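Quick look at model.txt (compact mmCIF, N, CA and C atoms):
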# COMPACT_ATOMS: atom_id res chain seq x y z
N MET S 30 15.20 4.00 14.51
CA MET S 30 14.36 4.92 15.26
C MET S 30 13.57 4.09 16.28
N THR S 31 13.59 4.51 17.50
CA THR S 31 12.87 3.79 18.56
C THR S 31 11.38 4.11 18.50
N GLN S 32 10.61 3.30 19.21
CA GLN S 32 9.16 3.52 19.26
C GLN S 32 8.85 4.88 19.87
N ALA S 33 9.60 5.27 20.89
CA ALA S 33 9.38 6.57 21.53
C ALA S 33 9.65 7.71 20.55
N GLU S 34 10.69 7.55 19.73
CA GLU S 34 11.01 8.58 18.74
C GLU S 34 9.92 8.66 17.67
N LYS S 35 9.40 7.47 17.27
CA LYS S 35 8.32 7.46 16.29
C LYS S 35 7.07 8.13 16.84
N THR S 36 6.76 7.84 18.11
CA THR S 36 5.59 8.43 18.75
C THR S 36 5.75 9.93 18.84
N SER S 37 6.95 10.38 19.23
CA SER S 37 7.21 11.80 19.35
C SER S 37 7.09 12.49 17.98
N LEU S 38 7.64 11.88 16.96
CA LEU S 38 7.56 12.45 15.61
C LEU S 38 6.11 12.52 15.14
N PHE S 39 5.34 11.45 15.41
CA PHE S 39 3.93 11.42 15.04
C PHE S 39 3.17 12.51 15.78
N GLN S 40 3.45 12.67 17.07
CA GLN S 40 2.77 13.69 17.87
C GLN S 40 3.10 15.09 17.34
N LYS S 41 4.34 15.30 16.94
CA LYS S 41 4.73 16.59 16.37
C LYS S 41 3.98 16.84 15.06
N ALA S 42 3.81 15.79 14.26
CA ALA S 42 3.09 15.94 13.00
C ALA S 42 1.64 16.33 13.26
N ILE S 43 1.02 15.68 14.25
CA ILE S 43 -0.37 16.02 14.60
C ILE S 43 -0.46 17.46 15.07
N GLU S 44 0.46 17.86 15.91
CA GLU S 44 0.45 19.24 16.41
C GLU S 44 0.63 20.24 15.27
N THR S 45 1.49 19.90 14.30
CA THR S 45 1.71 20.78 13.16
C THR S 45 0.44 20.90 12.33
N VAL S 46 -0.23 19.75 12.10
CA VAL S 46 -1.48 19.77 11.32
C VAL S 46 -2.54 20.59 12.06
N GLU S 47 -2.62 20.40 13.35
CA GLU S 47 -3.62 21.15 14.14
C GLU S 47 -3.36 22.64 14.13
N SER S 48 -2.13 23.05 13.87
CA SER S 48 -1.82 24.48 13.83
C SER S 48 -2.25 25.13 12.51
N LEU S 49 -2.60 24.29 11.53
CA LEU S 49 -3.05 24.81 10.24
C LEU S 49 -4.51 25.24 10.33
N SER S 50 -4.90 26.11 9.41
CA SER S 50 -6.31 26.50 9.33
C SER S 50 -7.13 25.31 8.85
N SER S 51 -8.43 25.40 9.01
CA SER S 51 -9.32 24.32 8.56
C SER S 51 -9.17 24.08 7.06
N GLU S 52 -9.06 25.15 6.31
CA GLU S 52 -8.90 25.03 4.85
C GLU S 52 -7.58 24.34 4.51
N GLU S 53 -6.51 24.72 5.19
CA GLU S 53 -5.22 24.08 4.95
C GLU S 53 -5.24 22.60 5.34
N GLN S 54 -5.93 22.28 6.43
CA GLN S 54 -6.05 20.88 6.84
C GLN S 54 -6.80 20.07 5.78
N THR S 55 -7.85 20.65 5.23
CA THR S 55 -8.62 19.98 4.19
C THR S 55 -7.76 19.74 2.95
N ILE S 56 -6.99 20.73 2.57
CA ILE S 56 -6.09 20.58 1.42
C ILE S 56 -5.06 19.49 1.70
N LEU S 57 -4.50 19.48 2.90
CA LEU S 57 -3.51 18.48 3.28
C LEU S 57 -4.11 17.07 3.23
N ILE S 58 -5.32 16.93 3.73
CA ILE S 58 -6.00 15.62 3.70
C ILE S 58 -6.17 15.17 2.25
N ASP S 59 -6.59 16.07 1.37
CA ASP S 59 -6.76 15.72 -0.04
C ASP S 59 -5.43 15.27 -0.65
N ILE S 60 -4.37 15.99 -0.35
CA ILE S 60 -3.05 15.64 -0.88
C ILE S 60 -2.63 14.26 -0.39
N ILE S 61 -2.78 14.02 0.90
CA ILE S 61 -2.37 12.73 1.47
C ILE S 61 -3.21 11.59 0.89
N GLN S 62 -4.52 11.80 0.77
CA GLN S 62 -5.39 10.76 0.19
C GLN S 62 -4.99 10.44 -1.24
N ASN S 63 -4.70 11.48 -2.02
CA ASN S 63 -4.29 11.27 -3.41
C ASN S 63 -2.96 10.52 -3.49
N ARG S 64 -2.03 10.86 -2.62
CA ARG S 64 -0.73 10.17 -2.61
C ARG S 64 -0.88 8.71 -2.19
N LEU S 65 -1.75 8.45 -1.23
CA LEU S 65 -1.99 7.06 -0.80
C LEU S 65 -2.63 6.25 -1.92
N LYS S 66 -3.58 6.86 -2.64
CA LYS S 66 -4.20 6.18 -3.77
C LYS S 66 -3.16 5.85 -4.83
N GLN S 67 -2.28 6.80 -5.13
CA GLN S 67 -1.24 6.57 -6.13
C GLN S 67 -0.27 5.49 -5.66
N GLN S 68 0.04 5.50 -4.38
CA GLN S 68 0.94 4.48 -3.83
C GLN S 68 0.31 3.09 -3.99
N ARG S 69 -0.99 2.98 -3.69
CA ARG S 69 -1.68 1.69 -3.85
C ARG S 69 -1.72 1.27 -5.32
N ARG S 70 -1.93 2.24 -6.23
CA ARG S 70 -1.91 1.92 -7.66
C ARG S 70 -0.54 1.39 -8.07
N ASP S 71 0.51 2.08 -7.60
CA ASP S 71 1.87 1.67 -7.94
C ASP S 71 2.16 0.27 -7.41
N GLU S 72 1.71 -0.03 -6.19
CA GLU S 72 1.91 -1.36 -5.61
C GLU S 72 1.16 -2.41 -6.41
N LEU S 73 -0.06 -2.10 -6.83
CA LEU S 73 -0.84 -3.03 -7.63
C LEU S 73 -0.18 -3.27 -8.98
N LEU S 74 0.29 -2.20 -9.62
CA LEU S 74 0.98 -2.35 -10.90
C LEU S 74 2.22 -3.21 -10.75
N GLU S 75 2.95 -3.05 -9.67
CA GLU S 75 4.14 -3.87 -9.43
C GLU S 75 3.75 -5.33 -9.22
N ALA S 76 2.67 -5.58 -8.49
CA ALA S 76 2.21 -6.95 -8.27
C ALA S 76 1.79 -7.59 -9.60
N VAL S 77 1.12 -6.84 -10.45
CA VAL S 77 0.72 -7.35 -11.75
C VAL S 77 1.96 -7.65 -12.60
N ALA S 78 2.92 -6.74 -12.59
CA ALA S 78 4.15 -6.95 -13.36
C ALA S 78 4.89 -8.18 -12.85
N GLU S 79 4.95 -8.37 -11.54
CA GLU S 79 5.60 -9.54 -10.96
C GLU S 79 4.87 -10.82 -11.39
N SER S 80 3.56 -10.79 -11.37
CA SER S 80 2.77 -11.94 -11.80
C SER S 80 3.03 -12.27 -13.26
N GLU S 81 3.12 -11.23 -14.08
CA GLU S 81 3.40 -11.45 -15.50
C GLU S 81 4.79 -12.04 -15.69
N ARG S 82 5.77 -11.57 -14.92
CA ARG S 82 7.14 -12.13 -15.01
C ARG S 82 7.12 -13.60 -14.61
N GLU S 83 6.43 -13.92 -13.53
CA GLU S 83 6.34 -15.31 -13.07
C GLU S 83 5.66 -16.18 -14.13
N TYR S 84 4.64 -15.65 -14.78
CA TYR S 84 3.94 -16.39 -15.82
C TYR S 84 4.88 -16.69 -16.99
N VAL S 85 5.61 -15.66 -17.43
CA VAL S 85 6.54 -15.83 -18.54
C VAL S 85 7.62 -16.86 -18.20
N LEU S 86 8.06 -16.87 -16.94
CA LEU S 86 9.09 -17.82 -16.51
C LEU S 86 8.53 -19.23 -16.29
N GLY S 87 7.22 -19.36 -16.38
CA GLY S 87 6.60 -20.67 -16.20
C GLY S 87 6.42 -21.06 -14.74
N ASN S 88 6.44 -20.08 -13.85
CA ASN S 88 6.30 -20.34 -12.43
C ASN S 88 4.86 -20.28 -11.94
N VAL S 89 3.93 -20.23 -12.89
CA VAL S 89 2.51 -20.15 -12.55
C VAL S 89 1.83 -21.41 -13.08
N ARG S 90 1.04 -22.01 -12.23
CA ARG S 90 0.30 -23.20 -12.66
C ARG S 90 -1.17 -22.85 -12.76
N ARG S 91 -1.83 -23.57 -13.65
CA ARG S 91 -3.26 -23.34 -13.86
C ARG S 91 -4.02 -24.58 -13.46
N GLY S 92 -5.26 -24.39 -13.07
CA GLY S 92 -6.11 -25.52 -12.74
C GLY S 92 -7.38 -25.05 -12.08
N THR S 93 -8.20 -26.00 -11.76
CA THR S 93 -9.47 -25.69 -11.11
C THR S 93 -9.28 -25.71 -9.59
N VAL S 94 -10.29 -25.30 -8.89
CA VAL S 94 -10.26 -25.38 -7.43
C VAL S 94 -10.11 -26.83 -7.00
N ALA S 95 -10.78 -27.72 -7.71
CA ALA S 95 -10.68 -29.15 -7.40
C ALA S 95 -9.24 -29.63 -7.56
N ASP S 96 -8.55 -29.14 -8.61
CA ASP S 96 -7.14 -29.50 -8.81
C ASP S 96 -6.29 -29.02 -7.64
N LEU S 97 -6.53 -27.81 -7.22
CA LEU S 97 -5.79 -27.25 -6.09
C LEU S 97 -6.04 -28.04 -4.82
N MET S 98 -7.29 -28.35 -4.55
CA MET S 98 -7.63 -29.10 -3.34
C MET S 98 -7.00 -30.49 -3.37
N ALA S 99 -7.00 -31.13 -4.53
CA ALA S 99 -6.38 -32.46 -4.67
C ALA S 99 -4.88 -32.37 -4.41
N GLU S 100 -4.26 -31.33 -4.93
CA GLU S 100 -2.82 -31.16 -4.71
C GLU S 100 -2.51 -30.88 -3.24
N LEU S 101 -3.34 -30.10 -2.60
CA LEU S 101 -3.11 -29.80 -1.17
C LEU S 101 -3.28 -31.04 -0.30
N ASN S 102 -4.12 -31.95 -0.72
CA ASN S 102 -4.36 -33.17 0.04
C ASN S 102 -3.30 -34.24 -0.19
N GLU S 103 -2.42 -34.03 -1.15
CA GLU S 103 -1.37 -35.01 -1.43
C GLU S 103 -0.29 -34.99 -0.38
Could I get this file's structure written as structure tokens?
Amino acid sequence: MTQAEKTSLFQKAIETVESLSSEEQTILIDIIQNRLKQQRRDELLEAVAESEREYVLGNVRRGTVADLMAELNE
């Protein structure tokens, strides 16, 4: 999809939302906000699961900030 097509699709979405009543727009905003929150939760859960997998595989190292700085300076 080209940038022009994306812009056109976005503009159509805005026009569609603007054609809704104020109450319908409020409901739509609530729905979108809730879906975005759930999406962020799902992404966070996936990141945690990935971190746990890396830990189990031994791909995670532990140490202090001083240890990290010393390693970066090597």
- Between atom C of S:Leu57 and atom N of S:Leu74 - distance in Å to one decimal: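 Spanning atom N of S:Leu74 to atom C of S:Leu57 is a straight-line distance of 23.6 Å.
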Padding 3 Å on each side, edges along x, y and z: where is the centre of the box around the listed atoms of stretch 37-56 of chain S, and how long are its edges in Å to one decimal? Output it as JSON.
{"center_x": -0.8, "center_y": 18.4, "center_z": 10.4, "size_x": 23.0, "size_y": 22.1, "size_z": 23.9}
- Message: To one decimal place in Å, what is the distance between atom C of S:Glu75 and atom C of S:Asp59?
- Response: 24.1 Å
- Task: Could you tell me how far atom N of S:Gln62 lies from atom C of S:Val46, in Å and to one decimal?
- Result: 14.4 Å
- Task: Using DSSP on the backbone coordinates, identify the residues of chain S assigned to alpha helix (DSSP H); present them as number ranges by chain.
- Result: S: 32-47, 51-85, 94-102
